[in-house]
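**Q** I have a structure here, written as structure tokens, and I will follow up with some questions on it.
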Amino acid sequence: MRHSKLFAGLVLAGLAAGAVPAFAQSNVTLYGIVDDALTYSSNQNGKSNTYLRNGNLAGSRWGLRGTEDLGGGTKALFQLENGFDVNSGAFSSSGVMFNRQAFVGLKNDQLGTVTIGRQYSPYYLMVGTIGPTSYVTGATGAHPGDIDGLDTTIRINNSVTYTSPLLWGVTASLQYGVGGQAGAFSKGNTYSGALRYDGGPLSLAAGYLRINNVGGTGASWNGASTGTPGASAVNQGYLSADVLQHIAVAGIYTIGSVTLGASYSNVQYKPGAASLFHDTAIFNTAGVHASWIVAPQWRLAAAYSYTAASKANGITDSATYHQVSLAQVYSLSKRTSLYALEAWQHANGKSLGANATSIINAGPVVGDSQNSTPSATSSQFVGMLGIRVDF
């Protein structure tokens, strides 16, 4: 008995000693953002509204990220990120704890990075991050209803992503989302790829994203697909699409304290045999934005975008959307900011109603802050006064 206890003690001591070097080379960080604002909308389904809105300058979240140095220039890494509503304490996605991101992978300085799990697409990470959602804000600066996914609306489940190391200022990334449908390899899967150049004051990016719907039937996108687009009055008639395709390019140029940017996107909802609409619906969006650091504490930003839908599915007067967005941010410290956001959108023409059952007047949806509450008139204004705290 005495020898058994001695042996067990030596084993435990050895395990503890072996764990020390691994622990010493590991790094785990708890981080987060809490963001809330008093918000006014001129028209939500026919009535004005004043209310508190969560996650405007940035989505409220908390997360864990970590790395472990494995030697030879290789690291293991992971990230878990939860989104929540600060006004109710509820998860941003009911029943999903790490709805924003949840992935694990390996990174090598010479070979690049491979990650698996729930992730943003290369399309967003390389193109969207130099678009208006980063320099103005996603809530009011995203293109109408985030039609082109350049905000954080779309994440890809069951995905494998490879990102190259930086070579001569260029980074490339490819992603595949595994559909997992028995006997139907292509159903519900996702493909994305992007290239980005960062050199001094100039950044340029181009990206592609294709999401295959599992069913391509019904009035909403099938949640079993690896990627799920956001829904709004802009695209509500096309969620039974068999395929959703995004192509986008963007660029920024920094001159002293001023950053100027431009973007273009082409989005296509392609029907299948069981879709509720019959013609491919196309949305083209062009936009410009600017950000000015007036003083160390003050940042001003502005953006304009124009979105035009195609004539299809019985629509001859196709929808167009003009949007102007403004932002003023005052930093009380490195972690705390006060902000004001203003945006106005005007819609013309016709669009396809929910379930693709009727042709209706196009409804304005400022950014992606009003996706479920479009204006009942041709215009919508949104103003916000808020606070953001990082930790």
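Residue numbers start at 1 in each chain; chains themselves are named A, B, ... in the order of the structure tokens; ligands are numbered from 1 in the order shown.
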What's around region 340-353 of chain A at 7 Å? Count only C-alpha atoms, leave out sequence neighbours fewer than 2 positions away in its own chain, and write the answer as a ChimeraX atom specification.

**A** /A:140,236-237,315,317-329,355-364,366,378-386

**Q** Using only C-alpha atoms, determine which residues lie at most 12 Å from Tyr339 (chain A), disregarding the query and same-chain residues fewer than 6 positions distant; provide the list as a list of chain:residue names.

**A**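 Everything that qualifies: A:Asp35, A:Asp36, A:Ala37, A:Leu38, A:Thr39, A:Asn56, A:Leu57, A:Ala58, A:Val136, A:Thr137, A:Gln297, A:Trp298, A:Arg299, A:Leu300, A:Ala301, A:Leu326, A:Ala327, A:Gln328, A:Val329, A:Tyr330, A:Ser331, A:Leu332, A:Gly383, A:Met384, A:Leu385, A:Gly386, A:Ile387, A:Arg388, A:Val389.
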
**Q** CA of Arg118 (chain A) and CA of Ile154 (chain A), how far apart in Å?

**A**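 Interatomic distance, CA of Ile154 (chain A) to CA of Arg118 (chain A): 10.5 Å.
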
**Q** So how far away is CA of Thr67 (chain A) from CA of Leu30 (chain A), in Å?

**A**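 Straight-line distance from CA of Leu30 (chain A) to CA of Thr67 (chain A) works out to 12.5 Å.
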
**Q** Can you check which residues of region 77-277 of chain A DSSP gives as helix (DSSP H, G or I) on the backbone and send them as a list in words?

**A** Pro122, Tyr123, Tyr124, Leu125, Met126, Val127, Gly128, Thr129, Ile130, Pro132, Thr133, Ser134, Tyr135, Val136, Thr137, Gly138, Ala139, Thr140, Gly141, Pro144, Gly145, Asp146, Gln236, Gly237 and Tyr238 of chain A

**Q** Measuring between only C-alpha atoms, which one of A:Val249, A:Val178, A:Ala354, A:Val365 shows the shortest distance to Thr377 (chain A)?

**A**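 Among the listed residues, A:Val365 lies closest to Thr377 (chain A).
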
**Q** Taking the DSSP secondary structure from the backbone, can you list the residues of region 150-249 of chain A that are strand (DSSP E or B), as an MDAnalysis selection string?

**A** chainID A and resid 156:163 167 170:177 190:199 202:212 227 243:249

**Q** For the atom pair CA of Arg210 (chain A) and CA of Tyr191 (chain A), what is the interatomic distance in Å to one decimal place?

**A**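 Pair CA of Arg210 (chain A) / CA of Tyr191 (chain A) returns 5.2 Å.
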
**Q** Write out as a list of chain:residue names each polymer residue whose atoms come within 12 Å of Met97 (chain A), counting only C-alpha atoms; drop sequence neighbours fewer than 3 positions from it.

**A**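 What passes the distance filter is A:Arg61, A:Trp62, A:Gly63, A:Leu80, A:Glu81, A:Asn82, A:Gly83, A:Phe84, A:Ala90, A:Phe91, A:Ser92, A:Ser93, A:Ser94, A:Arg100, A:Gln101, A:Ala102, A:Arg118.
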
**Q** Selection from above, C-alpha atoms, as a tab-separated table (two decimals), in the first residue's frame, can you write it?

**A**
chain	number	residue	atom	x	y	z
A	61	ARG	CA	-20.23	40.40	-27.00
A	62	TRP	CA	-17.89	38.53	-24.72
A	63	GLY	CA	-15.35	35.98	-25.78
A	80	LEU	CA	-15.21	31.41	-28.68
A	81	GLU	CA	-17.47	34.47	-28.97
A	82	ASN	CA	-20.98	35.07	-27.66
A	83	GLY	CA	-23.31	37.87	-28.69
A	84	PHE	CA	-25.90	39.20	-26.26
A	90	ALA	CA	-30.62	37.37	-23.69
A	91	PHE	CA	-28.41	35.59	-26.22
A	92	SER	CA	-28.40	37.31	-29.62
A	93	SER	CA	-29.36	33.94	-31.12
A	94	SER	CA	-31.80	31.94	-29.03
A	100	ARG	CA	-20.69	34.90	-33.27
A	101	GLN	CA	-17.65	32.61	-33.58
A	102	ALA	CA	-16.44	29.22	-32.36
A	118	ARG	CA	-18.20	28.43	-36.98

**Q** Can you list, as a PDB file with C-alpha atoms, in the first residue's frame, every protein, DNA or RNA residue that comes within 6 Å of region 277-287 of chain A when you count only C-alpha atoms, leaving out same-chain residues fewer than 4 positions away?

**A**
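Result file part.pdb:
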ATOM      1  CA  ALA A 262     -15.113  52.726 -51.990  1.00  0.00           C
ATOM      2  CA  SER A 263     -16.870  49.402 -52.584  1.00  0.00           C
ATOM      3  CA  TYR A 264     -18.941  47.561 -55.173  1.00  0.00           C
ATOM      4  CA  SER A 265     -20.956  44.367 -54.768  1.00  0.00           C
ATOM      5  CA  ASN A 266     -23.053  42.090 -56.931  1.00  0.00           C
ATOM      6  CA  VAL A 267     -25.518  39.755 -55.181  1.00  0.00           C
ATOM      7  CA  GLN A 268     -27.571  37.069 -56.962  1.00  0.00           C
ATOM      8  CA  TYR A 269     -30.454  34.963 -55.645  1.00  0.00           C
ATOM      9  CA  LYS A 270     -30.719  32.008 -58.036  1.00  0.00           C
ATOM     10  CA  PRO A 271     -33.939  29.947 -58.003  1.00  0.00           C
ATOM     11  CA  TYR A 304     -23.215  57.045 -49.203  1.00  0.00           C
ATOM     12  CA  SER A 305     -24.484  53.993 -51.093  1.00  0.00           C
ATOM     13  CA  TYR A 306     -26.757  53.267 -54.041  1.00  0.00           C
ATOM     14  CA  THR A 307     -28.406  49.859 -54.478  1.00  0.00           C
ATOM     15  CA  ALA A 308     -30.319  48.792 -57.585  1.00  0.00           C
ATOM     16  CA  ALA A 309     -32.316  45.577 -58.020  1.00  0.00           C
ATOM     17  CA  SER A 310     -32.873  43.855 -61.360  1.00  0.00           C
ATOM     18  CA  ALA A 312     -37.325  40.198 -62.798  1.00  0.00           C
ATOM     19  CA  ASN A 313     -40.194  38.091 -61.470  1.00  0.00           C
TER      20      ASN A 313
END

**Q** My list of candidates is A:Asn212, A:Ser275, A:Thr259, A:Thr113. Which is closest to Ser291 (chain A) when distances are computed with only C-alpha atoms?

**A**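 Result for the nearest residue to Ser291 (chain A): A:Thr259.
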
**Q** For Gly73 (chain A), list every protein, DNA or RNA residue within 12 Å, evaluated using only C-alpha atoms, and leave out those in the same chain fewer than 4 positions away; present the list as a list in words.

**A**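 In the requested format, the answer is Glu68, Asp69, Leu106, Lys107, Asn108, Asp109, Gln110, Leu111, Gly112 and Thr113 of chain A.
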